[in-house]
Amino acid sequence: MGGFFGAVSKRDVVLDVFFGVDYHSHLGTRRAGMIVRDREDGFQRQIHSIENTPFRTKFEDDIVRFHGTSAIGCISDADPQPLLVRSHLGTFAITTIGAINNAEDLVSEYFAQANSQFMALSSGAVNSTELVAALINQKDDLVSGIQYAQSKIDGSLTLLIMTEDGDLIAARDFMGRLPVLVGADDNGHCVAFESFAYHKLGYHDEYELGPAEIVRLTPDAIEVLSPARDEMKMCAFMWVYYGYPNSNYEGVNVEVMRYRNGAVMARDEAARGACPEVDYVAGVPDSGVPHAIGYSTESGMPFGRPFIKYTPTWPRSFMPANQDLRNKIANMKQVPVPELIRDKKLLFVDDSIVRGTQLRETVNFLYDSGAAEVHMRSACPPIMYSCKYLSFSSSKSDMDLIARRVVDQLEGDEGLDHLAEYADANTERGQCLLKTICEDMGFDSLSYQSLQGMIEAIGIDPEKICTYCWDGRE
């Protein structure tokens with residue numbers, strides 16, 4: 001996925017944006033970039049790969065030479081960015097987050113309109129942010145261009161622009177799938193996905209963009225250039241998994257939601273007599289931990305940490321493409337506490353079960369360490385559809401998803417007509433899904449949070465939450 005941070009002020013903001021972007025590192029693992037504007041020296045830019053090293057170590061040398069009162073930066077799981085663009089709309093810096101499912105069609109359409117070109121990536125594809133800039137440049141002003149780009153894209157588009165005057169223009173996705181929040185201090189404004197990032201820098205909450213809203217930020221003002229829509233489909237995974245614990249979206253804190261989510265899951269399991277008696281309730285580190293705390297508190301069973309994730313030498317940013325190496329690294333990170341595993345009955349809560357590959361390694365590791373029983377709980381429902389709005393996982397096909405593979409194993413194409421039943425543990429098909437995954441993965445029991453329970457834990461209007469990857473509803 002990815003995230004961005006920008007600031008415009010009466011003072012130098014290089015360090016603010018450096019730390020602000022760094023605080024979005026949990027949202028992406030591939031590329032990072034910064035563009036700074038100084039009134040006298042113009043734009044300064046740098047982009048680095050962060051696949052094998054953290055953001056901050058890549059940019060430590062750059063921030064010494066960067067200087068300016070306006071800056072933007074991003075963490076990206078997609079193409080290199082931010083980009084610096086010169087067009088009839090002026091020179092501007094741009095960074096984008098989202099997914100463009102119809103990119104090739106848009107490129108072909110663009111070529112058909114005039115003699116034109118794009119810089120090609122090594123794969124031959126076009127940089128998504130450059131494509132967005134080309135769409136924007138087809139209109140007579142930035143606001144009309146942003147709206148045009150959002151209307152043409154099948155997927156989602158949230159973006160941040162820095163103009164040649166140093167102003168920032170932020171636009172939230174048409175359906176508000178990602179958050180965009182504005183902070184303020186005595187000297188100016190900043191914009192981010194994660195509010196805690198600017199809290200640590202001395203900014204306070206000032207404004208939260210609504211769906212499709214476009215604003216201009218200057219040191220002295222927030223100007224609404226295009227008002228928000230009422231309809232919203234905020235990504236539920238921002239609360240369940242992606243969001244950082246300290247952040248708030250739509251007035252709901254991430255950590256509080258996760259405690260509540262685990263508690264709802266334990267409450268509902270107890271009501272149907274499905275809570276096993278265990279020695280410890282534990283979370284799969286890191287994002288499963290708060291869900292597990294909520295489950296433990298509600299169930300009355302003690303919370304424990306039977307294994308600890310060792311990250312100093314294997315940061316999250318190191319994500320090799322080779323699956324065998326990924327699995328080995330995941331295993332090496334898991335350091336057991338034998339006294340809390342040997343001969344113990346354990347219930348683990350994970351934020352989600354997507355492919356199941358690394359989870360199988362975790363279960364084997366626990367049994368090899370002497371666990372008597374391993375029960376697994378997922379803090380969200382079975383994932384039945386690959387995300388087409390934010391690319392929250394690298395799944396290229398629905399068959400990468402463990403739930404869909406099991407459905408295919410059980411019924412083949414016929415199962416496609418019964419996905420809702422398979423996602424519901426109260427149905428015969430739902431029980432078959434759970435039983436099959438348990439047998440395949442080696443769990444003593446398995447349960448998923450219900451869609452209704454997850455929505456209850458989030459606590460906002462259900463119609464404002466995107467649940468596409470669970471129920472296929474657009």
# chains A, B, ... in the order shown; residues from 1 in each chain; ligands from 1
$ closest_atom_pairs --of "segment 342-384 of chain A" --to "segment 404-420 of chain A" --cutoff "12 Å" --atoms "only C-alpha atoms" --output "Markdown table"
| residue | atom | partner | partner_atom | distance |
| --- | --- | --- | --- | --- |
| A:Ile353 | CA | A:Arg404 | CA | 11.6 |
| A:Val354 | CA | A:Arg404 | CA | 9.9 |
| A:Arg355 | CA | A:Arg405 | CA | 9.1 |
| A:Gly356 | CA | A:Arg405 | CA | 10.7 |
| A:Pro381 | CA | A:Ala420 | CA | 10.7 |
| A:Pro382 | CA | A:Arg404 | CA | 8.8 |
| A:Ile383 | CA | A:Arg404 | CA | 7.9 |
| A:Met384 | CA | A:Arg404 | CA | 5.8 |
$ residues_around --residues "Leu181 of chain A" --least-positions-apart "5" --cutoff "7 Å" --atoms "only C-alpha atoms" --output "number ranges by chain"
A: 191-193, 195, 207-209
$ residues_around --residues "Ile35 of chain A" --least-positions-apart "4" --cutoff "12 Å" --atoms "only C-alpha atoms" --output "ChimeraX atom specification"
/A:4-7,13-14,17-18,21,42-47,59,62-63,66-74,81-85,92-95,160-164,166,168
$ closest_residue --among "A:Ile455, A:Cys380, A:Leu346, A:Ala149" --to "Asn137 of chain A" --atoms "only C-alpha atoms"
A:Ala149
$ residues_around --residues "Gly3 of chain A" --least-positions-apart "5" --cutoff "7 Å" --atoms "only C-alpha atoms" --output "ChimeraX atom specification"
/A:24,27,74-76,97,193
$ residues_around --residues "segment 213-230 of chain A" --least-positions-apart "3" --cutoff "12 Å" --atoms "only C-alpha atoms" --output "PyMOL selection string"
chain A and resi 6-13+69-71+141-147+150+157-163+165-176+179-191+206-210+233+461+463-464
$ residues_around --residues "Leu135 of chain A" --least-positions-apart "2" --cutoff "9 Å" --atoms "only C-alpha atoms" --output "CSV table (one decimal) with C-alpha atoms, in the first residue's frame"
chain,number,residue,atom,x,y,z
A,106,LEU,CA,-5.8,4.6,-19.6
A,110,TYR,CA,-3.9,8.7,-23.6
A,130,GLU,CA,3.2,9.6,-13.8
A,131,LEU,CA,0.0,8.2,-15.3
A,132,VAL,CA,-2.0,10.1,-12.7
A,133,ALA,CA,-0.1,13.3,-13.4
A,137,ASN,CA,-2.7,17.6,-16.9
A,138,GLN,CA,-5.5,17.0,-19.4
A,139,LYS,CA,-7.5,19.7,-17.6
A,145,GLY,CA,-7.5,17.5,-13.1
A,146,ILE,CA,-7.6,15.6,-9.8
A,148,TYR,CA,-10.9,13.9,-13.7
A,149,ALA,CA,-8.2,11.4,-12.7
A,152,LYS,CA,-11.2,7.7,-14.8
$ atom_distance --atom1 "atom CA of Tyr280 of chain A" --atom2 "atom CA of Leu446 of chain A"
15.7 Å
$ closest_residue --among "A:Arg258, A:His26, A:Arg86, A:Arg377" --to "Cys275 of chain A" --atoms "only C-alpha atoms"
A:Arg377
$ residues_around --residues "segment 359-375 of chain A" --least-positions-apart "5" --cutoff "10 Å" --atoms "only C-alpha atoms" --output "PyMOL selection string"
chain A and resi 275-276+278-279+281+284+306-307+327-328+330-331+334-350+353-354+438+440-447
$ write_last_selection --atoms "C-alpha atoms" --output "compact mmCIF listing (two decimals), in the first residue's frame"
# COMPACT_ATOMS: atom_id res chain seq x y z
CA CYS A 275 -14.38 -20.89 23.79
CA PRO A 276 -11.81 -23.60 24.62
CA VAL A 278 -6.55 -22.71 27.55
CA ASP A 279 -3.56 -21.77 29.67
CA VAL A 281 -4.45 -16.34 25.13
CA VAL A 284 0.52 -13.28 16.78
CA PRO A 306 4.68 -17.62 24.32
CA PHE A 307 6.96 -16.31 21.60
CA ASN A 327 9.28 -18.24 5.38
CA LYS A 328 12.75 -18.85 6.81
CA ALA A 330 9.58 -15.37 9.50
CA ASN A 331 10.63 -18.48 11.39
CA GLN A 334 9.96 -16.17 16.25
CA VAL A 335 11.88 -16.76 19.46
CA PRO A 336 10.04 -19.05 21.92
CA VAL A 337 9.56 -18.73 25.65
CA PRO A 338 9.62 -22.50 26.38
CA GLU A 339 8.17 -22.07 29.88
CA LEU A 340 5.01 -20.60 28.33
CA ILE A 341 4.71 -23.18 25.54
CA ARG A 342 5.76 -26.62 26.80
CA ASP A 343 2.70 -28.73 27.72
CA LYS A 344 0.49 -25.64 27.50
CA LYS A 345 -2.85 -25.17 25.76
CA LEU A 346 -2.59 -21.96 23.74
CA LEU A 347 -5.08 -19.81 21.87
CA PHE A 348 -3.59 -17.39 19.35
CA VAL A 349 -5.31 -14.43 17.76
CA ASP A 350 -3.98 -13.12 14.44
CA ILE A 353 -5.47 -15.24 7.84
CA VAL A 354 -4.67 -14.44 4.22
CA CYS A 438 -7.91 -26.94 10.85
CA ASP A 440 -4.63 -28.69 6.82
CA MET A 441 -2.92 -26.30 9.24
CA GLY A 442 -2.86 -28.48 12.33
CA PHE A 443 -4.98 -26.29 14.62
CA ASP A 444 -6.97 -27.83 17.44
CA SER A 445 -9.73 -25.36 16.67
CA LEU A 446 -10.25 -22.36 14.39
CA SER A 447 -12.70 -19.49 14.45
$ closest_residue --among "A:Leu434, A:Leu89, A:Leu15, A:Ala103" --to "Tyr422 of chain A" --atoms "only C-alpha atoms"
A:Leu434
$ select_by_dssp --residues "segment 224-389 of chain A" --states "helix (DSSP H, G or I)" --output "ChimeraX atom specification"
/A:237-242,254-271,288-299,323-333,338-340,357-368
